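Colleague: Dropping in target00.cif, which is mmCIF, C-alpha atoms:
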```
data_input
#
loop_
_atom_site.label_atom_id
_atom_site.label_comp_id
_atom_site.auth_asym_id
_atom_site.auth_seq_id
_atom_site.Cartn_x
_atom_site.Cartn_y
_atom_site.Cartn_z
CA MET C 88 12.11 -28.43 3.81
CA ARG C 89 13.41 -24.87 3.87
CA LYS C 90 11.10 -23.91 0.99
CA ILE C 91 8.08 -25.42 2.76
CA LEU C 92 8.87 -23.48 5.93
CA GLU C 93 9.25 -20.25 3.99
CA VAL C 94 5.81 -20.76 2.44
CA GLN C 95 4.29 -21.50 5.84
CA LYS C 96 5.91 -18.38 7.32
CA GLN C 97 4.23 -16.28 4.64
CA LEU C 98 0.81 -17.91 4.93
CA LEU C 99 0.75 -18.72 8.64
CA PRO C 100 3.31 -16.53 10.46
CA ASP C 101 1.52 -16.97 13.78
CA LEU C 102 1.75 -20.75 13.45
CA MET C 103 5.53 -20.53 13.23
CA ASP C 104 5.66 -18.55 16.47
CA VAL C 105 3.45 -21.11 18.22
CA LEU C 106 5.59 -23.98 16.89
CA LYS C 107 8.78 -22.31 18.12
CA LYS C 108 7.29 -21.69 21.56
CA ARG C 109 5.95 -25.20 22.05
CA TYR C 110 9.10 -26.82 20.71
CA THR C 111 11.22 -24.75 23.12
CA ILE C 112 9.02 -25.66 26.11
CA LEU C 113 9.11 -29.35 25.25
CA HIS C 114 12.85 -29.25 24.58
CA GLN C 115 13.67 -27.55 27.89
CA ILE C 116 11.53 -30.02 29.82
CA MET C 117 13.48 -32.84 28.14
CA LEU C 118 16.83 -31.28 29.10
CA SER C 119 15.72 -30.80 32.70
CA ASP C 120 14.56 -34.40 33.33
CA VAL C 121 12.06 -33.01 35.86
CA ILE C 122 11.24 -29.33 36.27
CA GLY C 123 8.65 -27.22 38.08
CA ARG C 124 6.36 -24.81 36.24
CA ARG C 125 7.68 -21.75 38.04
CA THR C 126 11.31 -22.59 37.30
CA LEU C 127 10.54 -23.18 33.64
CA ALA C 128 8.48 -19.99 33.39
CA ASN C 129 11.33 -17.95 34.84
CA SER C 130 13.91 -19.49 32.50
CA MET C 131 11.72 -18.77 29.48
CA GLN C 132 10.72 -15.29 30.72
CA MET C 133 7.08 -16.31 30.47
CA THR C 134 4.21 -15.89 32.94
CA GLU C 135 3.08 -18.99 34.79
CA ARG C 136 -0.46 -18.48 33.47
CA VAL C 137 0.67 -18.58 29.84
CA LEU C 138 3.00 -21.52 30.49
CA ARG C 139 0.24 -23.45 32.26
CA ALA C 140 -1.98 -23.22 29.17
CA GLU C 141 0.84 -24.53 26.97
CA THR C 142 1.88 -27.37 29.27
CA ASP C 143 -1.76 -28.44 29.78
CA LEU C 144 -2.02 -28.79 26.00
CA LEU C 145 1.26 -30.75 25.81
CA LYS C 146 -0.01 -33.04 28.58
CA ALA C 147 -3.32 -33.56 26.77
CA GLN C 148 -1.35 -34.59 23.68
CA GLY C 149 0.58 -37.14 25.75
CA LEU C 150 3.90 -35.35 25.21
CA ILE C 151 4.67 -34.58 28.86
CA GLU C 152 3.72 -35.99 32.25
CA ILE C 153 2.90 -33.79 35.25
CA ASP C 154 2.88 -34.91 38.88
CA SER C 155 3.76 -33.54 42.31
CA THR C 156 7.50 -33.53 41.53
CA GLY C 157 7.12 -31.44 38.38
CA MET C 158 6.96 -31.94 34.63
CA LYS C 159 8.87 -34.51 32.62
CA ILE C 160 8.83 -35.53 29.00
CA SER C 161 7.06 -38.69 27.89
CA GLU C 162 8.35 -41.27 25.43
CA ALA C 163 6.03 -39.79 22.79
CA GLY C 164 7.52 -36.36 23.52
CA HIS C 165 11.05 -37.72 23.04
CA ASP C 166 10.07 -39.25 19.72
CA LEU C 167 8.44 -36.03 18.53
CA LEU C 168 11.51 -33.93 19.43
CA GLN C 169 13.76 -36.30 17.47
CA GLN C 170 11.49 -35.99 14.44
CA LEU C 171 11.35 -32.20 14.78
CA GLU C 172 15.12 -31.66 15.17
CA PRO C 173 15.87 -30.90 11.50
CA VAL C 174 12.72 -28.76 11.26
CA ALA C 175 13.72 -26.85 14.40
CA LYS C 176 17.17 -26.08 13.00
CA GLU C 177 15.56 -24.51 9.95
CA LEU C 178 12.90 -22.81 12.04
CA PHE C 179 15.40 -21.13 14.34
CA GLY C 180 17.86 -20.39 11.53
CA LEU C 181 20.52 -22.65 13.01
CA SER C 182 21.19 -24.58 9.79
CA GLU C 183 22.18 -21.40 8.02
CA LEU C 184 24.55 -20.42 10.84
CA GLU C 185 26.13 -23.88 10.74
CA GLU C 186 26.68 -23.75 7.00
CA ARG C 187 28.15 -20.23 7.05
CA ILE C 188 30.73 -21.13 9.71
CA LYS C 189 31.51 -24.51 8.14
CA GLN C 190 32.24 -22.97 4.75
CA ALA C 191 34.20 -20.00 6.15
CA TYR C 192 36.64 -22.23 8.05
CA GLY C 193 36.58 -25.45 6.03
CA LEU C 194 35.29 -27.53 8.94
CA GLN C 195 34.00 -31.08 8.65
CA LYS C 196 30.95 -30.34 10.78
CA VAL C 197 29.40 -27.49 12.74
CA VAL C 198 26.61 -27.96 15.27
CA VAL C 199 24.77 -24.92 16.60
CA VAL C 200 22.38 -25.47 19.53
CA PRO C 201 19.66 -23.00 20.55
CA GLY C 202 20.18 -20.38 23.25
CA ASP C 203 22.98 -18.63 25.10
CA SER C 204 25.04 -20.60 27.61
CA ASP C 205 25.95 -17.39 29.42
CA VAL C 206 22.39 -17.07 30.72
CA SER C 207 20.77 -20.49 30.25
CA PRO C 208 21.82 -23.75 31.92
CA PHE C 209 19.60 -25.48 29.36
CA ALA C 210 21.82 -24.24 26.52
CA LYS C 211 24.93 -25.56 28.25
CA ARG C 212 23.30 -28.91 28.75
CA GLU C 213 22.33 -28.99 25.08
CA LEU C 214 25.97 -28.26 24.19
CA GLY C 215 26.97 -31.25 26.28
CA LYS C 216 24.39 -33.42 24.57
CA ALA C 217 25.57 -32.33 21.11
CA GLY C 218 29.21 -32.87 22.09
CA ALA C 219 28.47 -36.35 23.41
CA LYS C 220 26.63 -37.23 20.19
CA ALA C 221 29.48 -35.95 18.00
CA LEU C 222 32.08 -37.85 20.03
CA GLY C 223 30.01 -41.02 20.06
CA ASN C 224 29.63 -40.89 16.28
CA ILE C 225 33.36 -40.85 15.57
CA MET C 226 34.83 -43.11 18.26
CA ASN C 227 36.12 -46.48 17.15
CA ASP C 228 37.54 -49.48 18.99
CA ASN C 229 41.12 -48.95 20.23
CA ASP C 230 40.93 -45.15 19.99
CA VAL C 231 42.78 -42.86 22.40
CA VAL C 232 40.68 -39.80 23.27
CA ALA C 233 42.23 -36.76 24.96
CA VAL C 234 39.99 -34.31 26.80
CA THR C 235 40.60 -30.93 28.42
CA GLY C 236 39.00 -29.62 31.59
CA GLY C 237 36.19 -27.12 31.92
CA SER C 238 32.48 -26.95 32.68
CA THR C 239 31.36 -27.56 29.09
CA THR C 240 33.49 -30.67 28.55
CA ALA C 241 32.27 -31.88 31.96
CA GLU C 242 28.73 -31.57 30.61
CA VAL C 243 29.75 -33.67 27.58
CA ALA C 244 30.91 -36.39 29.99
CA GLU C 245 27.56 -36.35 31.80
CA GLN C 246 25.65 -36.75 28.53
CA LEU C 247 27.84 -39.49 27.03
CA ASN C 248 25.85 -42.70 26.67
CA PRO C 249 26.83 -44.94 23.73
CA PRO C 250 24.56 -47.88 22.85
CA THR C 251 27.34 -50.47 23.21
CA PRO C 252 30.71 -50.50 25.05
CA LEU C 253 33.79 -49.77 22.96
CA LYS C 254 36.73 -52.16 23.01
CA GLY C 255 40.27 -51.04 23.73
CA VAL C 256 39.41 -47.34 24.02
CA TRP C 257 41.45 -45.13 26.35
CA PHE C 258 40.51 -41.71 27.72
CA VAL C 259 43.28 -39.42 28.89
CA PRO C 260 43.56 -35.81 30.08
CA ALA C 261 45.03 -33.53 27.41
CA ARG C 262 47.25 -31.95 30.05
CA GLY C 263 47.75 -31.66 33.80
CA GLY C 264 45.08 -29.77 35.63
CA LEU C 265 45.34 -30.12 39.40
CA GLY C 266 44.27 -26.96 41.19
CA GLU C 267 40.93 -26.41 39.43
CA SER C 268 37.63 -27.51 40.96
CA LEU C 269 37.66 -31.29 41.05
CA GLU C 270 34.52 -31.74 38.93
CA ILE C 271 35.92 -29.76 35.99
CA GLN C 272 39.47 -31.11 36.03
CA ALA C 273 40.57 -32.98 32.91
CA ASN C 274 41.39 -36.06 35.00
CA THR C 275 37.85 -36.21 36.42
CA ILE C 276 36.26 -35.71 33.01
CA ALA C 277 38.45 -38.35 31.34
CA SER C 278 37.58 -40.93 34.01
CA THR C 279 33.85 -40.10 33.83
CA MET C 280 33.84 -40.46 30.04
CA ALA C 281 35.66 -43.78 30.25
CA LYS C 282 33.16 -45.17 32.76
CA ARG C 283 30.25 -44.00 30.59
CA VAL C 284 31.46 -45.90 27.53
CA GLY C 285 33.01 -48.90 29.26
CA ALA C 286 36.55 -47.82 28.37
CA GLN C 287 39.86 -47.50 30.21
CA TYR C 288 41.59 -44.35 31.39
CA LYS C 289 44.89 -43.05 32.67
CA LEU C 290 45.32 -39.90 34.74
CA LEU C 291 48.02 -37.24 34.79
CA HIS C 292 48.48 -36.12 38.38
CA VAL C 293 50.45 -32.93 37.84
CA PRO C 294 49.57 -29.23 38.25
CA ASP C 295 48.34 -27.21 35.27
CA LEU C 296 51.13 -24.66 35.69
CA LEU C 297 54.70 -25.72 36.48
CA SER C 298 57.94 -24.02 37.39
CA ASP C 299 61.02 -24.81 35.27
CA HIS C 300 62.43 -26.98 38.05
CA ALA C 301 59.17 -28.91 38.57
CA TYR C 302 58.77 -29.44 34.83
CA GLU C 303 62.29 -30.85 34.41
CA SER C 304 61.79 -33.13 37.38
CA LEU C 305 58.36 -34.46 36.38
CA VAL C 306 59.16 -34.98 32.72
CA GLN C 307 61.86 -37.49 33.74
CA ASP C 308 59.46 -39.51 35.88
CA PRO C 309 58.75 -42.95 34.27
CA GLY C 310 55.07 -42.84 35.24
CA VAL C 311 54.63 -39.39 33.73
CA GLN C 312 56.50 -40.44 30.59
CA GLU C 313 54.16 -43.42 30.17
CA ILE C 314 50.98 -41.31 30.31
CA LEU C 315 52.52 -38.61 28.08
CA GLN C 316 53.30 -41.26 25.46
CA LEU C 317 49.66 -42.39 25.53
CA ILE C 318 48.35 -38.80 25.36
CA ARG C 319 50.47 -38.15 22.28
CA GLN C 320 48.93 -41.17 20.55
CA SER C 321 45.46 -39.62 20.73
CA ARG C 322 43.36 -39.92 17.58
CA ILE C 323 40.62 -37.66 18.92
CA VAL C 324 40.79 -34.60 21.13
CA ILE C 325 37.79 -32.78 22.54
CA HIS C 326 38.46 -29.44 24.14
CA GLY C 327 36.83 -26.34 25.54
CA ILE C 328 37.70 -22.77 24.60
CA GLY C 329 38.27 -20.08 27.19
CA ASP C 330 38.55 -16.32 27.31
CA ALA C 331 42.26 -15.52 27.66
CA VAL C 332 42.16 -13.08 30.57
CA GLU C 333 39.48 -15.00 32.44
CA MET C 334 41.49 -18.23 32.17
CA ALA C 335 44.72 -16.50 33.20
CA ARG C 336 43.08 -15.13 36.32
CA ARG C 337 41.41 -18.45 37.09
CA ARG C 338 44.83 -20.07 36.96
CA LYS C 339 46.14 -17.33 39.23
CA LEU C 340 48.86 -16.22 36.84
CA ALA C 341 51.01 -13.34 38.03
CA THR C 342 49.57 -9.86 37.45
CA GLU C 343 52.43 -8.96 35.11
CA ILE C 344 51.66 -12.01 32.92
CA VAL C 345 47.98 -11.06 32.74
CA GLU C 346 48.97 -7.54 31.74
CA GLU C 347 51.38 -8.93 29.14
CA LEU C 348 48.62 -11.10 27.68
CA GLN C 349 46.39 -8.04 27.38
CA GLU C 350 49.17 -6.04 25.71
CA GLN C 351 49.76 -8.88 23.22
CA GLY C 352 46.06 -8.99 22.35
CA ALA C 353 45.37 -12.48 23.71
CA VAL C 354 41.68 -13.30 23.37
CA SER C 355 41.48 -17.08 23.76
CA GLU C 356 43.06 -19.99 25.60
CA SER C 357 43.08 -23.67 24.76
CA PHE C 358 45.50 -26.51 25.63
CA GLY C 359 47.55 -24.06 27.71
CA TYR C 360 48.21 -21.83 24.68
CA TYR C 361 47.00 -18.25 24.41
CA PHE C 362 45.95 -16.94 20.98
CA ASN C 363 45.34 -13.45 19.60
CA ASP C 364 42.37 -12.58 17.36
CA GLN C 365 44.26 -13.84 14.30
CA GLY C 366 44.81 -17.28 15.83
CA ASN C 367 48.53 -16.77 16.51
CA VAL C 368 50.09 -18.10 19.72
CA VAL C 369 51.17 -15.18 21.92
CA HIS C 370 51.89 -17.05 25.15
CA THR C 371 52.59 -20.66 26.14
CA MET C 372 52.17 -22.11 29.60
CA LEU C 373 54.78 -24.50 30.89
CA THR C 374 52.60 -27.55 31.32
CA LEU C 375 52.74 -31.29 30.72
CA GLY C 376 50.43 -32.78 28.13
CA MET C 377 49.49 -32.21 24.50
CA ARG C 378 51.68 -29.89 22.43
CA LEU C 379 50.70 -28.07 19.27
CA GLN C 380 52.47 -30.67 17.14
CA ASP C 381 50.46 -33.41 18.91
CA ILE C 382 47.20 -31.61 18.14
CA GLU C 383 48.20 -31.27 14.49
CA ARG C 384 48.80 -35.04 14.30
CA THR C 385 45.37 -36.04 15.63
CA ASP C 386 42.67 -37.18 13.20
CA VAL C 387 39.76 -35.27 14.74
CA VAL C 388 39.76 -32.13 16.91
CA ILE C 389 36.39 -31.25 18.46
CA GLY C 390 36.03 -27.74 19.88
CA ILE C 391 33.08 -27.01 22.13
CA ALA C 392 32.10 -23.74 23.79
CA GLY C 393 29.13 -21.46 24.16
CA GLY C 394 27.88 -18.07 25.21
CA LYS C 395 27.96 -14.69 23.53
CA SER C 396 30.90 -13.76 25.78
CA LYS C 397 32.97 -16.60 24.25
CA ALA C 398 32.40 -15.60 20.62
CA ALA C 399 35.68 -13.70 20.19
CA ALA C 400 37.62 -16.57 21.80
CA ILE C 401 35.95 -19.16 19.56
CA HIS C 402 36.68 -17.02 16.50
CA SER C 403 40.32 -16.81 17.53
CA VAL C 404 40.70 -20.58 17.90
CA LEU C 405 38.97 -21.13 14.55
CA ARG C 406 41.59 -18.92 12.93
CA PHE C 407 44.28 -21.09 14.52
CA GLY C 408 42.95 -23.62 12.04
CA GLN C 409 43.10 -27.03 13.71
CA GLU C 410 39.39 -27.61 14.41
CA ASP C 411 37.51 -30.34 12.54
CA ILE C 412 34.20 -30.31 14.40
CA LEU C 413 32.82 -27.23 16.17
CA ILE C 414 29.93 -27.29 18.63
CA ILE C 415 28.68 -23.89 19.80
CA ASP C 416 25.45 -22.19 20.80
CA GLU C 417 23.25 -19.79 18.89
CA ALA C 418 24.45 -16.67 20.71
CA ALA C 419 28.12 -17.29 19.90
CA ALA C 420 27.32 -18.38 16.32
CA LYS C 421 25.45 -15.17 15.54
CA VAL C 422 28.40 -13.02 16.65
CA ILE C 423 30.89 -15.14 14.64
CA VAL C 424 28.74 -14.97 11.49
CA ALA C 425 28.36 -11.20 11.92
CA GLU C 426 32.15 -10.93 11.96
CA LEU C 427 32.32 -12.78 8.65
CA GLU C 428 30.13 -10.24 6.87
#
```
Represent the structure of the file as structure tokens.

Modeller:
Amino acid sequence: MRKILEVQKQLLPDLMDVLKKRYTILHQIMLSDVIGRRTLANSMQMTERVLRAETDLLKAQGLIEIDSTGMKISEAGHDLLQQLEPVAKELFGLSELEERIKQAYGLQKVVVVPGDSDVSPFAKRELGKAGAKALGNIMNDNDVVAVTGGSTTAEVAEQLNPPTPLKGVWFVPARGGLGESLEIQANTIASTMAKRVGAQYKLLHVPDLLSDHAYESLVQDPGVQEILQLIRQSRIVIHGIGDAVEMARRRKLATEIVEELQEQGAVSESFGYYFNDQGNVVHTMLTLGMRLQDIERTDVVIGIAGGKSKAAAIHSVLRFGQEDILIIDEAAAKVIVAELE
């Protein structure tokens, strides 16, 4: 396939540009469910006049439907996008990025989606779709799945839609997380995922950050011990990756701790651990939930994050060396691959 595309690029370079443009338009309409022409034109940095010509053609081909509420993809459009997915990865150079990162870090699988989540809500939604697909492909009956909080893992929950319910599966939060916005708390995401797949869930109603006294008190609680035991039986964990300083400030850590993190070169945060650019732990939060030894015991660790701004953090967590499946966007992947050269 790659050879065929290379030949076509040489003979018909303009055709490749047209294919990219029309694929992107169709793909973004699919991700949006329903979208207006002006909104789509703005997101693609395209004039409405040019977009109208393209969408009129897609409508004439039966790939989209247009009515007073906006544009939506047709069943034929869905089918075409599925058929074009491997072609699109080659066309946009995503397959090469995936292979470079997979080989560099010895990962089982790398998925790179188009775009930059920092600037495009479509890219973040595509990350969620890819994460949901990856999780759905590896879940088995009676699995325990641990999930962290965050906007990207919340998007995975929204996109999760397995064909049949799974038996005996439990979803649990990877750690406490009260204090964040409700919709991106690990508890909320775990319960949403469980409902989507017809599974069961348990929640951990404790703050993300604890004092020594609160930690000692809660860890003795029978209810907390029960959920911690289940969390530590997780076969799969799916987690987001955060920028160290941004996450420290979001958690309202003391100014001196933030300054200490900066002095120690912390660039990423995941599971309540802060890592430097070599993947070494430089700071640990006192929190209830998964520990490093629990993560090392799991069968599959799925990391998911996107945006050019997250590239250094993703690179840091990759160097920590526990990821099995990585799902990122094109903007982050390009920076990571550039660092490998």

Colleague: What's the 7 Å shell around Leu214 (chain C), counting all atoms listed in the file, without same-chain residues fewer than 3 positions away, as a list in words?

Modeller: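 Counting only the stated atoms, we get Val200, Ala210, Lys211, Ala217, Gly218, Ile414, Ile415 and Asp416 of chain C.
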
Colleague: Any chance you could export the current selection's C-alpha atoms as an mmCIF file, in the coordinates of the input?

Modeller:
```cif
data_model
loop_
_atom_site.group_PDB
_atom_site.id
_atom_site.type_symbol
_atom_site.label_atom_id
_atom_site.label_comp_id
_atom_site.auth_asym_id
_atom_site.auth_seq_id
_atom_site.Cartn_x
_atom_site.Cartn_y
_atom_site.Cartn_z
ATOM 1 C CA VAL C 200 22.380 -25.470 19.530
ATOM 2 C CA ALA C 210 21.820 -24.240 26.520
ATOM 3 C CA LYS C 211 24.930 -25.560 28.250
ATOM 4 C CA ALA C 217 25.570 -32.330 21.110
ATOM 5 C CA GLY C 218 29.210 -32.870 22.090
ATOM 6 C CA ILE C 414 29.930 -27.290 18.630
ATOM 7 C CA ILE C 415 28.680 -23.890 19.800
ATOM 8 C CA ASP C 416 25.450 -22.190 20.800
#
```

Colleague: Applied to this file, what does the PyMOL selection byres ((chain C and resi 349) around 12) return in terms of residues, put as a ChimeraX atom specification?

Modeller: /C:330-333,335-336,342-348,350-355,361-364,369-370

Colleague: With C-alpha atoms retained, export the selected residues as a short mmCIF file (atom, residue, chain, number, x, y, z; two decimals), in the coordinates of the input.

Modeller:
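Dumped everything to selection_21.cif:
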```cif
data_model
loop_
_atom_site.label_atom_id
_atom_site.label_comp_id
_atom_site.auth_asym_id
_atom_site.auth_seq_id
_atom_site.Cartn_x
_atom_site.Cartn_y
_atom_site.Cartn_z
CA ASP C 330 38.55 -16.32 27.31
CA ALA C 331 42.26 -15.52 27.66
CA VAL C 332 42.16 -13.08 30.57
CA GLU C 333 39.48 -15.00 32.44
CA ALA C 335 44.72 -16.50 33.20
CA ARG C 336 43.08 -15.13 36.32
CA THR C 342 49.57 -9.86 37.45
CA GLU C 343 52.43 -8.96 35.11
CA ILE C 344 51.66 -12.01 32.92
CA VAL C 345 47.98 -11.06 32.74
CA GLU C 346 48.97 -7.54 31.74
CA GLU C 347 51.38 -8.93 29.14
CA LEU C 348 48.62 -11.10 27.68
CA GLU C 350 49.17 -6.04 25.71
CA GLN C 351 49.76 -8.88 23.22
CA GLY C 352 46.06 -8.99 22.35
CA ALA C 353 45.37 -12.48 23.71
CA VAL C 354 41.68 -13.30 23.37
CA SER C 355 41.48 -17.08 23.76
CA TYR C 361 47.00 -18.25 24.41
CA PHE C 362 45.95 -16.94 20.98
CA ASN C 363 45.34 -13.45 19.60
CA ASP C 364 42.37 -12.58 17.36
CA VAL C 369 51.17 -15.18 21.92
CA HIS C 370 51.89 -17.05 25.15
#
```

Colleague: With the file shown as input, list the residues that the PyMOL selection byres ((chain C and resi 381) around 9) selects, as a PDB file with C-alpha atoms, in the frame of the given file.

Modeller:
```pdb
ATOM      1  CA  ILE C 318      48.350 -38.800  25.360  1.00  0.00           C
ATOM      2  CA  ARG C 319      50.470 -38.150  22.280  1.00  0.00           C
ATOM      3  CA  GLN C 320      48.930 -41.170  20.550  1.00  0.00           C
ATOM      4  CA  SER C 321      45.460 -39.620  20.730  1.00  0.00           C
ATOM      5  CA  MET C 377      49.490 -32.210  24.500  1.00  0.00           C
ATOM      6  CA  ARG C 378      51.680 -29.890  22.430  1.00  0.00           C
ATOM      7  CA  LEU C 379      50.700 -28.070  19.270  1.00  0.00           C
ATOM      8  CA  GLN C 380      52.470 -30.670  17.140  1.00  0.00           C
ATOM      9  CA  ILE C 382      47.200 -31.610  18.140  1.00  0.00           C
ATOM     10  CA  GLU C 383      48.200 -31.270  14.490  1.00  0.00           C
ATOM     11  CA  ARG C 384      48.800 -35.040  14.300  1.00  0.00           C
ATOM     12  CA  THR C 385      45.370 -36.040  15.630  1.00  0.00           C
TER      13      THR C 385
END
```

Colleague: Identify which of the residues C:Met226, C:Leu317, C:Leu106, C:Met117 lies closest to Val174 (chain C), counting all atoms listed in the file when measuring atom-to-atom distances.

Modeller: C:Leu106

Colleague: I'd like the neighbourhood of Ala399 (chain C) as a list in words, where a residue qualifies if any of its atoms comes within 9 Å (using all atoms listed in the file), though same-chain residues fewer than 2 positions away should be ignored.

Modeller: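 What passes the distance filter is Asp330, Val354, Ser355, Asp364, Lys395, Ser396, Lys397, Ile401, His402, Ser403, Val404, Ala419, Val422 and Ile423 of chain C.
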
Colleague: Within 7 Å of Leu253 (chain C), counting only C-alpha atoms, which residues show up once you throw out same-chain ones fewer than 3 positions away? Write them as number ranges by chain, please.

Modeller: C: 228, 256, 284-286

Colleague: Between C:Ala392, C:Ala418, C:Ala400, C:Ala233, single out the one closest to Ile325 (chain C), counting all atoms listed in the file.

Modeller: C:Ala233

Colleague: Go through C:Gln148, C:Val206, C:Gln272, C:Ile389 and flag the residue nearest Gly223 (chain C), using all atoms listed in the file for the distances.

Modeller: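 Of C:Gln148, C:Val206, C:Gln272, C:Ile389, the one nearest Gly223 (chain C), counting all atoms listed in the file, is C:Ile389.
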
Colleague: Using all atoms listed in the file for the distances, tell me which of C:Met280, C:Val121, C:Ala273, C:Ala140 is nearest to Pro252 (chain C).

Modeller: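 When distances to Pro252 (chain C) are compared using all atoms listed in the file, the smallest one comes from C:Met280.
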
Colleague: Report as JSON, numbers by chain all protein, DNA and RNA residues lying within 7 Å of region 175-191 of chain C, evaluated on all atoms listed in the file, omitting residues in the same chain fewer than 6 positions from it.

Modeller: {"C": [89, 197, 198, 199, 420, 424]}

Colleague: Using C-alpha atoms, can you write the selected residues to a file as a PDB file, in the frame of the given file?

Modeller:
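Printed below is part-v2.pdb as written:
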```pdb
ATOM      1  CA  ARG C  89      13.410 -24.870   3.870  1.00  0.00           C
ATOM      2  CA  VAL C 197      29.400 -27.490  12.740  1.00  0.00           C
ATOM      3  CA  VAL C 198      26.610 -27.960  15.270  1.00  0.00           C
ATOM      4  CA  VAL C 199      24.770 -24.920  16.600  1.00  0.00           C
ATOM      5  CA  ALA C 420      27.320 -18.380  16.320  1.00  0.00           C
ATOM      6  CA  VAL C 424      28.740 -14.970  11.490  1.00  0.00           C
TER       7      VAL C 424
END
```

Colleague: Which residues fall under the PyMOL selection byres ((chain C and resi 278) around 10) in this file, as JSON, numbers by chain?

Modeller: {"C": [244, 257, 258, 259, 260, 273, 274, 275, 276, 277, 279, 280, 281, 282, 283, 286, 287, 288, 289, 290]}

Colleague: Which residue gives the smallest distance to Gly376 (chain C) among C:His292, C:Arg136, C:Lys339, C:Arg125, with only C-alpha atoms counted?

Modeller: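 Selected residue with least distance to Gly376 (chain C): C:His292.
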